[in-house]
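Trainee: Take a look at final.pdb, PDB, C-alpha atoms (C1' of nucleotides):
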```
ATOM      1  CA  MET A1399      12.961  -5.482  -1.548  1.00  0.00           C
ATOM      2  CA  CYS A1400      10.771  -5.132   1.505  1.00  0.00           C
ATOM      3  CA  PRO A1401       7.949  -7.722   1.660  1.00  0.00           C
ATOM      4  CA  ALA A1402       5.392  -5.059   2.415  1.00  0.00           C
ATOM      5  CA  THR A1403       6.476  -3.037  -0.614  1.00  0.00           C
ATOM      6  CA  PHE A1404       6.293  -6.129  -2.776  1.00  0.00           C
ATOM      7  CA  ALA A1405       2.824  -7.014  -1.522  1.00  0.00           C
ATOM      8  CA  PHE A1406       1.576  -3.441  -1.811  1.00  0.00           C
ATOM      9  CA  ASP A1407       2.823  -3.254  -5.378  1.00  0.00           C
ATOM     10  CA  VAL A1408       1.027  -6.446  -6.350  1.00  0.00           C
ATOM     11  CA  ILE A1409      -2.192  -5.583  -4.526  1.00  0.00           C
ATOM     12  CA  GLY A1410      -2.024  -1.937  -5.481  1.00  0.00           C
ATOM     13  CA  LYS A1411      -2.119  -2.361  -9.260  1.00  0.00           C
ATOM     14  CA  LYS A1412      -5.339  -1.207 -10.842  1.00  0.00           C
ATOM     15  CA  TRP A1413      -6.381  -4.471 -12.482  1.00  0.00           C
ATOM     16  CA  ASN A1414      -4.675  -7.046 -10.291  1.00  0.00           C
ATOM     17  CA  LEU A1415      -7.348  -7.310  -7.631  1.00  0.00           C
ATOM     18  CA  PRO A1416     -10.194  -7.581 -10.175  1.00  0.00           C
ATOM     19  CA  ILE A1417      -8.268 -10.260 -12.080  1.00  0.00           C
ATOM     20  CA  LEU A1418      -7.404 -12.197  -8.938  1.00  0.00           C
ATOM     21  CA  SER A1419     -10.981 -11.853  -7.797  1.00  0.00           C
ATOM     22  CA  VAL A1420     -12.236 -13.552 -10.969  1.00  0.00           C
ATOM     23  CA  LEU A1421      -9.644 -16.299 -10.598  1.00  0.00           C
ATOM     24  CA  THR A1422     -10.703 -16.771  -6.987  1.00  0.00           C
ATOM     25  CA  ASN A1423     -14.262 -17.460  -8.064  1.00  0.00           C
ATOM     26  CA  ASN A1424     -13.385 -19.684 -11.022  1.00  0.00           C
ATOM     27  CA  LYS A1425     -11.022 -22.611 -10.926  1.00  0.00           C
ATOM     28  CA  SER A1426      -9.635 -21.977 -14.375  1.00  0.00           C
ATOM     29  CA  VAL A1427     -10.387 -19.229 -16.866  1.00  0.00           C
ATOM     30  CA  ARG A1428      -9.473 -18.653 -20.487  1.00  0.00           C
ATOM     31  CA  TYR A1429      -8.048 -15.420 -21.831  1.00  0.00           C
ATOM     32  CA  ASN A1430     -11.144 -14.131 -23.613  1.00  0.00           C
ATOM     33  CA  GLU A1431     -13.425 -15.304 -20.826  1.00  0.00           C
ATOM     34  CA  LEU A1432     -11.313 -13.286 -18.388  1.00  0.00           C
ATOM     35  CA  LYS A1433     -11.594 -10.288 -20.649  1.00  0.00           C
ATOM     36  CA  ARG A1434     -15.352 -10.652 -20.805  1.00  0.00           C
ATOM     37  CA  LEU A1435     -15.585 -10.909 -17.016  1.00  0.00           C
ATOM     38  CA  LEU A1436     -13.563  -7.715 -16.589  1.00  0.00           C
ATOM     39  CA  PRO A1437     -15.530  -4.938 -18.288  1.00  0.00           C
ATOM     40  CA  GLY A1438     -13.292  -2.093 -19.341  1.00  0.00           C
ATOM     41  CA  ILE A1439      -9.993  -3.935 -19.447  1.00  0.00           C
ATOM     42  CA  THR A1440      -8.060  -3.874 -22.715  1.00  0.00           C
ATOM     43  CA  GLY A1441      -6.232  -6.807 -24.223  1.00  0.00           C
ATOM     44  CA  THR A1442      -2.901  -5.139 -23.701  1.00  0.00           C
ATOM     45  CA  MET A1443      -3.504  -4.571 -20.021  1.00  0.00           C
ATOM     46  CA  LEU A1444      -4.871  -8.045 -19.434  1.00  0.00           C
ATOM     47  CA  THR A1445      -1.821  -9.555 -21.117  1.00  0.00           C
ATOM     48  CA  ASN A1446       0.599  -7.365 -19.150  1.00  0.00           C
ATOM     49  CA  CYS A1447      -1.034  -8.049 -15.815  1.00  0.00           C
ATOM     50  CA  LEU A1448      -1.270 -11.785 -16.395  1.00  0.00           C
ATOM     51  CA  LYS A1449       2.359 -11.878 -17.427  1.00  0.00           C
ATOM     52  CA  GLU A1450       3.466 -10.039 -14.314  1.00  0.00           C
ATOM     53  CA  LEU A1451       1.281 -12.119 -12.021  1.00  0.00           C
ATOM     54  CA  THR A1452       2.659 -15.259 -13.644  1.00  0.00           C
ATOM     55  CA  GLU A1453       6.254 -14.100 -13.154  1.00  0.00           C
ATOM     56  CA  HIS A1454       5.481 -13.368  -9.520  1.00  0.00           C
ATOM     57  CA  GLY A1455       4.271 -16.919  -9.066  1.00  0.00           C
ATOM     58  CA  ILE A1456       0.730 -15.886  -8.243  1.00  0.00           C
ATOM     59  CA  VAL A1457      -0.993 -17.069 -11.411  1.00  0.00           C
ATOM     60  CA  HIS A1458      -0.430 -20.257 -13.369  1.00  0.00           C
ATOM     61  CA  ARG A1459      -0.592 -20.300 -17.166  1.00  0.00           C
ATOM     62  CA  GLU A1460      -1.472 -23.566 -18.858  1.00  0.00           C
ATOM     63  CA  GLN A1461      -1.183 -23.656 -22.610  1.00  0.00           C
ATOM     64  CA  TYR A1462      -2.865 -26.371 -24.692  1.00  0.00           C
ATOM     65  CA  PHE A1463      -1.522 -26.815 -28.178  1.00  0.00           C
ATOM     66  CA  GLU A1464      -4.767 -27.287 -29.986  1.00  0.00           C
ATOM     67  CA  ILE A1465      -6.457 -25.657 -32.928  1.00  0.00           C
ATOM     68  CA  PRO A1466      -7.876 -23.213 -31.996  1.00  0.00           C
ATOM     69  CA  PRO A1467      -5.341 -22.485 -29.266  1.00  0.00           C
ATOM     70  CA  ARG A1468      -6.456 -22.601 -25.678  1.00  0.00           C
ATOM     71  CA  VAL A1469      -4.827 -21.068 -22.596  1.00  0.00           C
ATOM     72  CA  GLU A1470      -6.154 -21.512 -19.092  1.00  0.00           C
ATOM     73  CA  TYR A1471      -5.257 -19.240 -16.190  1.00  0.00           C
ATOM     74  CA  SER A1472      -5.583 -20.308 -12.570  1.00  0.00           C
ATOM     75  CA  LEU A1473      -4.247 -19.426  -9.141  1.00  0.00           C
ATOM     76  CA  THR A1474      -1.025 -20.970  -7.893  1.00  0.00           C
ATOM     77  CA  LYS A1475      -0.577 -21.948  -4.249  1.00  0.00           C
ATOM     78  CA  SER A1476       0.520 -18.361  -3.508  1.00  0.00           C
ATOM     79  CA  GLY A1477      -2.478 -17.040  -5.348  1.00  0.00           C
ATOM     80  CA  GLU A1478      -4.847 -19.212  -3.378  1.00  0.00           C
ATOM     81  CA  GLU A1479      -3.414 -17.862  -0.157  1.00  0.00           C
ATOM     82  CA  LEU A1480      -4.513 -14.462  -1.380  1.00  0.00           C
ATOM     83  CA  ALA A1481      -8.111 -15.603  -1.858  1.00  0.00           C
ATOM     84  CA  PRO A1482      -9.310 -15.119   1.747  1.00  0.00           C
ATOM     85  CA  ILE A1483      -7.691 -11.676   1.755  1.00  0.00           C
ATOM     86  CA  ILE A1484      -9.556 -10.676  -1.380  1.00  0.00           C
ATOM     87  CA  GLU A1485     -12.746 -12.046   0.086  1.00  0.00           C
ATOM     88  CA  SER A1486     -12.290  -9.958   3.239  1.00  0.00           C
ATOM     89  CA  ILE A1487     -11.587  -6.873   1.156  1.00  0.00           C
ATOM     90  CA  VAL A1488     -14.910  -7.366  -0.625  1.00  0.00           C
ATOM     91  CA  VAL A1489     -16.708  -7.869   2.694  1.00  0.00           C
ATOM     92  CA  TRP A1490     -15.087  -4.729   4.062  1.00  0.00           C
ATOM     93  CA  GLY A1491     -16.177  -2.838   0.948  1.00  0.00           C
ATOM     94  CA  ARG A1492     -19.752  -3.975   1.446  1.00  0.00           C
ATOM     95  CA  ASN A1493     -19.846  -2.745   5.039  1.00  0.00           C
ATOM     96  CA  ASN A1494     -18.056   0.485   4.351  1.00  0.00           C
ATOM     97  CA  ILE A1495     -20.081   1.550   1.341  1.00  0.00           C
ATOM     98  CA  GLU A1496     -23.225   1.216   3.444  1.00  0.00           C
ATOM     99  CA  MET A1497     -21.734   3.552   6.012  1.00  0.00           C
ATOM    100  CA  LEU A1498     -20.921   6.060   3.309  1.00  0.00           C
ATOM    101  CA  GLN A1499     -24.432   5.898   1.900  1.00  0.00           C
ATOM    102  CA  ASP A1500     -25.955   6.316   5.357  1.00  0.00           C
ATOM    103  CA  LYS A1501     -23.961   9.516   5.754  1.00  0.00           C
ATOM    104  CA  MET A1502     -25.227  10.857   2.431  1.00  0.00           C
ATOM    105  CA  LYS A1503     -28.850  10.672   3.618  1.00  0.00           C
TER     106      LYS A1503
ATOM    107  CA  MET B 236     -21.440   1.346  -7.278  1.00  0.00           C
ATOM    108  CA  CYS B 237     -20.461  -2.248  -6.629  1.00  0.00           C
ATOM    109  CA  PRO B 238     -18.887  -2.780  -3.187  1.00  0.00           C
ATOM    110  CA  ALA B 239     -16.060  -4.814  -4.684  1.00  0.00           C
ATOM    111  CA  THR B 240     -15.285  -2.031  -7.150  1.00  0.00           C
ATOM    112  CA  PHE B 241     -15.316   0.512  -4.345  1.00  0.00           C
ATOM    113  CA  ALA B 242     -12.992  -1.576  -2.194  1.00  0.00           C
ATOM    114  CA  PHE B 243     -10.666  -2.373  -5.080  1.00  0.00           C
ATOM    115  CA  ASP B 244     -10.431   1.312  -5.933  1.00  0.00           C
ATOM    116  CA  VAL B 245      -9.504   2.242  -2.384  1.00  0.00           C
ATOM    117  CA  ILE B 246      -7.051  -0.606  -1.916  1.00  0.00           C
ATOM    118  CA  GLY B 247      -5.722  -0.349  -5.450  1.00  0.00           C
ATOM    119  CA  LYS B 248      -4.406   3.211  -5.234  1.00  0.00           C
ATOM    120  CA  LYS B 249      -0.658   3.434  -5.202  1.00  0.00           C
ATOM    121  CA  TRP B 250      -0.161   5.232  -1.890  1.00  0.00           C
ATOM    122  CA  ASN B 251      -3.252   4.206   0.018  1.00  0.00           C
ATOM    123  CA  LEU B 252      -1.948   0.917   1.386  1.00  0.00           C
ATOM    124  CA  PRO B 253       1.369   2.438   2.499  1.00  0.00           C
ATOM    125  CA  ILE B 254      -0.469   5.308   4.188  1.00  0.00           C
ATOM    126  CA  LEU B 255      -2.975   3.020   5.888  1.00  0.00           C
ATOM    127  CA  SER B 256      -0.141   0.768   6.908  1.00  0.00           C
ATOM    128  CA  VAL B 257       1.570   3.613   8.747  1.00  0.00           C
ATOM    129  CA  LEU B 258      -1.697   4.600  10.406  1.00  0.00           C
ATOM    130  CA  THR B 259      -2.233   0.997  11.445  1.00  0.00           C
ATOM    131  CA  ASN B 260       1.068   0.987  13.298  1.00  0.00           C
ATOM    132  CA  ASN B 261       0.672   4.413  14.868  1.00  0.00           C
ATOM    133  CA  LYS B 262      -2.377   5.621  16.749  1.00  0.00           C
ATOM    134  CA  SER B 263      -2.121   9.150  15.446  1.00  0.00           C
ATOM    135  CA  VAL B 264       0.292  10.735  13.020  1.00  0.00           C
ATOM    136  CA  ARG B 265       0.997  14.287  11.958  1.00  0.00           C
ATOM    137  CA  TYR B 266       1.263  15.402   8.352  1.00  0.00           C
ATOM    138  CA  ASN B 267       5.030  15.845   8.157  1.00  0.00           C
ATOM    139  CA  GLU B 268       5.636  12.732  10.217  1.00  0.00           C
ATOM    140  CA  LEU B 269       3.533  10.773   7.738  1.00  0.00           C
ATOM    141  CA  LYS B 270       5.541  12.256   4.904  1.00  0.00           C
ATOM    142  CA  ARG B 271       8.792  11.259   6.568  1.00  0.00           C
ATOM    143  CA  LEU B 272       7.543   7.710   7.121  1.00  0.00           C
ATOM    144  CA  LEU B 273       6.608   7.366   3.441  1.00  0.00           C
ATOM    145  CA  PRO B 274       9.825   7.794   1.456  1.00  0.00           C
ATOM    146  CA  GLY B 275       9.113   8.955  -2.061  1.00  0.00           C
ATOM    147  CA  ILE B 276       5.696  10.478  -1.547  1.00  0.00           C
ATOM    148  CA  THR B 277       5.240  14.132  -2.449  1.00  0.00           C
ATOM    149  CA  GLY B 278       3.248  16.650  -0.483  1.00  0.00           C
ATOM    150  CA  THR B 279       0.661  16.915  -3.224  1.00  0.00           C
ATOM    151  CA  MET B 280       0.056  13.182  -3.308  1.00  0.00           C
ATOM    152  CA  LEU B 281      -0.087  12.831   0.453  1.00  0.00           C
ATOM    153  CA  THR B 282      -2.619  15.642   0.658  1.00  0.00           C
ATOM    154  CA  ASN B 283      -4.756  14.181  -2.142  1.00  0.00           C
ATOM    155  CA  CYS B 284      -4.752  10.692  -0.712  1.00  0.00           C
ATOM    156  CA  LEU B 285      -5.518  11.841   2.814  1.00  0.00           C
ATOM    157  CA  LYS B 286      -8.361  13.980   1.538  1.00  0.00           C
ATOM    158  CA  GLU B 287      -9.874  11.097  -0.383  1.00  0.00           C
ATOM    159  CA  LEU B 288      -9.431   8.650   2.487  1.00  0.00           C
ATOM    160  CA  THR B 289     -11.043  11.160   4.817  1.00  0.00           C
ATOM    161  CA  GLU B 290     -13.995  11.649   2.483  1.00  0.00           C
ATOM    162  CA  HIS B 291     -14.426   7.885   2.279  1.00  0.00           C
ATOM    163  CA  GLY B 292     -14.643   7.738   6.054  1.00  0.00           C
ATOM    164  CA  ILE B 293     -11.513   5.654   6.423  1.00  0.00           C
ATOM    165  CA  VAL B 294      -9.236   8.255   7.949  1.00  0.00           C
ATOM    166  CA  HIS B 295     -10.020  10.846  10.595  1.00  0.00           C
ATOM    167  CA  ARG B 296      -8.505  14.322  10.479  1.00  0.00           C
ATOM    168  CA  GLU B 297      -8.157  16.229  13.733  1.00  0.00           C
ATOM    169  CA  GLN B 298      -7.055  19.823  13.518  1.00  0.00           C
ATOM    170  CA  TYR B 299      -5.685  21.697  16.535  1.00  0.00           C
ATOM    171  CA  PHE B 300      -5.703  25.444  16.286  1.00  0.00           C
ATOM    172  CA  GLU B 301      -2.376  26.163  17.830  1.00  0.00           C
ATOM    173  CA  ILE B 302       0.712  28.084  16.824  1.00  0.00           C
ATOM    174  CA  PRO B 303       2.356  26.345  15.076  1.00  0.00           C
ATOM    175  CA  PRO B 304      -0.631  24.480  13.613  1.00  0.00           C
ATOM    176  CA  ARG B 305      -0.996  20.785  14.270  1.00  0.00           C
ATOM    177  CA  VAL B 306      -3.046  18.160  12.420  1.00  0.00           C
ATOM    178  CA  GLU B 307      -3.325  14.569  13.513  1.00  0.00           C
ATOM    179  CA  TYR B 308      -4.454  11.749  11.246  1.00  0.00           C
ATOM    180  CA  SER B 309      -5.815   8.469  12.557  1.00  0.00           C
ATOM    181  CA  LEU B 310      -7.946   5.549  11.443  1.00  0.00           C
ATOM    182  CA  THR B 311     -11.717   5.705  11.812  1.00  0.00           C
ATOM    183  CA  LYS B 312     -13.751   2.650  12.760  1.00  0.00           C
ATOM    184  CA  SER B 313     -13.831   1.636   9.079  1.00  0.00           C
ATOM    185  CA  GLY B 314     -10.129   2.139   8.824  1.00  0.00           C
ATOM    186  CA  GLU B 315      -9.453  -0.032  11.825  1.00  0.00           C
ATOM    187  CA  GLU B 316     -11.460  -2.831  10.251  1.00  0.00           C
ATOM    188  CA  LEU B 317      -8.968  -2.675   7.424  1.00  0.00           C
ATOM    189  CA  ALA B 318      -5.994  -3.146   9.762  1.00  0.00           C
ATOM    190  CA  PRO B 319      -6.099  -6.972   9.957  1.00  0.00           C
ATOM    191  CA  ILE B 320      -6.427  -7.118   6.177  1.00  0.00           C
ATOM    192  CA  ILE B 321      -3.337  -4.965   5.722  1.00  0.00           C
ATOM    193  CA  GLU B 322      -1.515  -7.092   8.252  1.00  0.00           C
ATOM    194  CA  SER B 323      -2.386 -10.279   6.363  1.00  0.00           C
ATOM    195  CA  ILE B 324      -1.274  -8.690   3.094  1.00  0.00           C
ATOM    196  CA  VAL B 325       2.121  -7.994   4.648  1.00  0.00           C
ATOM    197  CA  VAL B 326       2.328 -11.553   5.970  1.00  0.00           C
ATOM    198  CA  TRP B 327       1.410 -12.904   2.544  1.00  0.00           C
ATOM    199  CA  GLY B 328       4.095 -10.705   0.997  1.00  0.00           C
ATOM    200  CA  ARG B 329       6.695 -12.063   3.369  1.00  0.00           C
ATOM    201  CA  ASN B 330       5.860 -15.683   2.506  1.00  0.00           C
ATOM    202  CA  ASN B 331       5.558 -15.074  -1.196  1.00  0.00           C
ATOM    203  CA  ILE B 332       8.753 -13.113  -1.646  1.00  0.00           C
ATOM    204  CA  GLU B 333      10.655 -16.000  -0.065  1.00  0.00           C
ATOM    205  CA  MET B 334       9.156 -18.369  -2.608  1.00  0.00           C
ATOM    206  CA  LEU B 335      10.221 -16.053  -5.399  1.00  0.00           C
ATOM    207  CA  GLN B 336      13.763 -15.829  -4.084  1.00  0.00           C
ATOM    208  CA  ASP B 337      13.975 -19.606  -3.697  1.00  0.00           C
ATOM    209  CA  LYS B 338      13.082 -19.953  -7.358  1.00  0.00           C
ATOM    210  CA  MET B 339      15.829 -17.535  -8.365  1.00  0.00           C
ATOM    211  CA  LYS B 340      18.504 -19.781  -6.819  1.00  0.00           C
TER     212      LYS B 340
ATOM    213  C1'  DC C1088       3.303  23.457  10.292  1.00  0.00           C
ATOM    214  C1'  DG C1089       0.425  21.973   7.075  1.00  0.00           C
ATOM    215  C1'  DG C1090      -1.018  22.730   3.556  1.00  0.00           C
ATOM    216  C1'  DT C1091      -2.669  25.001  -1.652  1.00  0.00           C
ATOM    217  C1'  DA C1092      -1.821  26.576  -6.484  1.00  0.00           C
ATOM    218  C1'  DT C1093       0.410  26.023 -10.533  1.00  0.00           C
ATOM    219  C1'  DC C1094       2.645  24.019 -13.979  1.00  0.00           C
ATOM    220  C1'  DC C1095       5.106  20.136 -15.875  1.00  0.00           C
ATOM    221  C1'  DT C1096       6.450  15.212 -16.864  1.00  0.00           C
ATOM    222  C1'  DT C1097       6.039  10.448 -17.209  1.00  0.00           C
ATOM    223  C1'  DC C1098       4.083   6.279 -17.904  1.00  0.00           C
ATOM    224  C1'  DA C1099       0.038   3.397 -17.059  1.00  0.00           C
ATOM    225  C1'  DG C1100      -3.262   2.263 -19.762  1.00  0.00           C
ATOM    226  C1'  DG C1101      -5.993   2.467 -24.394  1.00  0.00           C
ATOM    227  C1'  DA C1102      -6.983   1.904 -29.618  1.00  0.00           C
ATOM    228  C1'  DT C1103      -6.007  -0.338 -33.575  1.00  0.00           C
ATOM    229  C1'  DA C1104      -4.076  -3.455 -36.654  1.00  0.00           C
ATOM    230  C1'  DC C1105      -1.940  -7.565 -37.286  1.00  0.00           C
ATOM    231  C1'  DT C1106      -0.119 -12.746 -36.390  1.00  0.00           C
ATOM    232  C1'  DG C1107       1.077 -17.852 -35.052  1.00  0.00           C
TER     233       DG C1107
ATOM    234  C1'  DC D1120      -8.084 -17.997 -29.848  1.00  0.00           C
ATOM    235  C1'  DA D1121      -4.768 -15.686 -27.661  1.00  0.00           C
ATOM    236  C1'  DG D1122      -2.058 -12.945 -28.049  1.00  0.00           C
ATOM    237  C1'  DT D1123       1.936  -8.883 -30.238  1.00  0.00           C
ATOM    238  C1'  DA D1124       3.367  -4.599 -32.135  1.00  0.00           C
ATOM    239  C1'  DT D1125       2.773   0.042 -32.556  1.00  0.00           C
ATOM    240  C1'  DC D1126       1.467   4.303 -31.553  1.00  0.00           C
ATOM    241  C1'  DC D1127      -0.990   7.565 -28.686  1.00  0.00           C
ATOM    242  C1'  DT D1128      -3.537   9.996 -24.915  1.00  0.00           C
ATOM    243  C1'  DG D1129      -4.759  11.400 -20.392  1.00  0.00           C
ATOM    244  C1'  DA D1130      -4.394  11.416 -15.859  1.00  0.00           C
ATOM    245  C1'  DA D1131      -1.500  10.107 -11.977  1.00  0.00           C
ATOM    246  C1'  DG D1132       2.048  11.862  -9.958  1.00  0.00           C
ATOM    247  C1'  DG D1133       6.122  15.351  -9.288  1.00  0.00           C
ATOM    248  C1'  DA D1134       8.555  20.054  -8.578  1.00  0.00           C
ATOM    249  C1'  DT D1135       8.305  24.484  -7.159  1.00  0.00           C
ATOM    250  C1'  DA D1136       6.573  28.482  -5.098  1.00  0.00           C
ATOM    251  C1'  DC D1137       3.680  30.496  -2.081  1.00  0.00           C
ATOM    252  C1'  DC D1138      -0.015  31.066   1.870  1.00  0.00           C
ATOM    253  C1'  DG D1139      -2.868  31.109   6.527  1.00  0.00           C
TER     254       DG D1139
END
```
Any chance you could give the structure as structure tokens?
Mentor:
Amino acid sequence: MCPATFAFDVIGKKWNLPILSVLTNNKSVRYNELKRLLPGITGTMLTNCLKELTEHGIVHREQYFEIPPRVEYSLTKSGEELAPIIESIVVWGRNNIEMLQDKMK
Amino acid sequence: MCPATFAFDVIGKKWNLPILSVLTNNKSVRYNELKRLLPGITGTMLTNCLKELTEHGIVHREQYFEIPPRVEYSLTKSGEELAPIIESIVVWGRNNIEMLQDKMK
DNA sequence: CGGTATCCTTCAGGATACTG
DNA sequence: CAGTATCCTGAAGGATACCG
């Protein structure tokens, strides 16, 4: 598969950027915490996305066998390399939305 | 709307990154040329995406009233600011896909 | 050439209930 | 707590035909 296609698929999934954004701003996040920080996401979607991101080596899943169970999600090395990109996307969004609003006036 | 949400929506649409990627590598592209450079896209989708990107001030549409008609699409100032981001996404994809393939071995 | 209009299909994503 | 399993809906996306 073409690297660009691979990257565009990862970046271009509805919930992936929001999830990665949360993980960029928090060292390690639990499942339900992640869900709380992502208003509108359903459990099914969160699970699917995390699974895919984990398989792609972008997110790390650490399971602690305690009662009650605890699972922590964090960025892998690959995921951390994505962090500055996500940051610049947010910055771009901030600049661009201002331009749009100026036009509306 | 939150700037991050706005940016994630733009970036997170299936065909937007591929389209912007083509426009990043070509100063100005015609409709059918764009379609040819994006294998798999349908006319409907290309039209919808271009319309939305134009409304968001990311893509510029220049119409020449000739016979036969000619329409050129290019990046606006906002769109050009996105170019380095797209480039770094592609670079990230190239590095990451290698890591994935190494794991498969 | 560069679309639009129309109708159709598929699957991403959602709701709910249940489990180790 | 952190999921699975199941079923379901709607909207993203596709195919086709036609138009300025």
Trainee: Selected by the PyMOL selection byres ((chain D) within 12 of (chain B)) in the shown coordinates: which residues, as number ranges by chain?
Mentor: D: 1131-1135, 1139
Trainee: Would you write out, as a VMD selection string, every residue that the PyMOL selection byres ((chain B) within 8 of (chain C)) captures in this file?
Mentor: chain B and resid 266 to 267 282 303 to 306
Trainee: If we count all atoms listed in the file, what is near Pro1401 in chain A at a cut-off of 9 Å, once residues fewer than 2 positions away on the same chain are taken out, given as a list in words?
Mentor: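 Those residues are Met1399, Thr1403, Phe1404, Ala1405 and Phe1406 of chain A; Val325, Val326, Trp327, Gly328, Arg329, Asn330, Asn331, Ile332 and Glu333 of chain B.
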Trainee: Kindly indicate which residue among B:Gly247, B:Cys237, B:Ser263, B:Leu310 lies nearest to chain A, using only C-alpha atoms for the distances.
Mentor: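 Nearest candidate to chain A out of B:Gly247, B:Cys237, B:Ser263, B:Leu310: B:Gly247.
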Trainee: If you count all atoms listed in the file, which residues fall within 12 Å of Pro274 in chain B, apart from same-chain ones fewer than 6 positions away, as a PDB file with C-alpha atoms, in the frame of the given file?
Mentor:
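Final output, saved to part39.pdb:
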```pdb
ATOM      1  CA  THR A1403       6.476  -3.037  -0.614  1.00  0.00           C
TER       2      THR A1403
ATOM      3  CA  TRP B 250      -0.161   5.232  -1.890  1.00  0.00           C
ATOM      4  CA  PRO B 253       1.369   2.438   2.499  1.00  0.00           C
ATOM      5  CA  ILE B 254      -0.469   5.308   4.188  1.00  0.00           C
ATOM      6  CA  VAL B 257       1.570   3.613   8.747  1.00  0.00           C
ATOM      7  CA  ASN B 267       5.030  15.845   8.157  1.00  0.00           C
ATOM      8  CA  GLU B 268       5.636  12.732  10.217  1.00  0.00           C
ATOM      9  CA  LEU B 281      -0.087  12.831   0.453  1.00  0.00           C
TER      10      LEU B 281
END
```
Trainee: Could you check which of A:Thr1452, A:Leu1480, A:Arg1428, A:Thr1474 is closest to Leu1415 in chain A, using all atoms listed in the file?
Mentor: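 Using all atoms listed in the file, the shortest distance to Leu1415 in chain A belongs to A:Leu1480.
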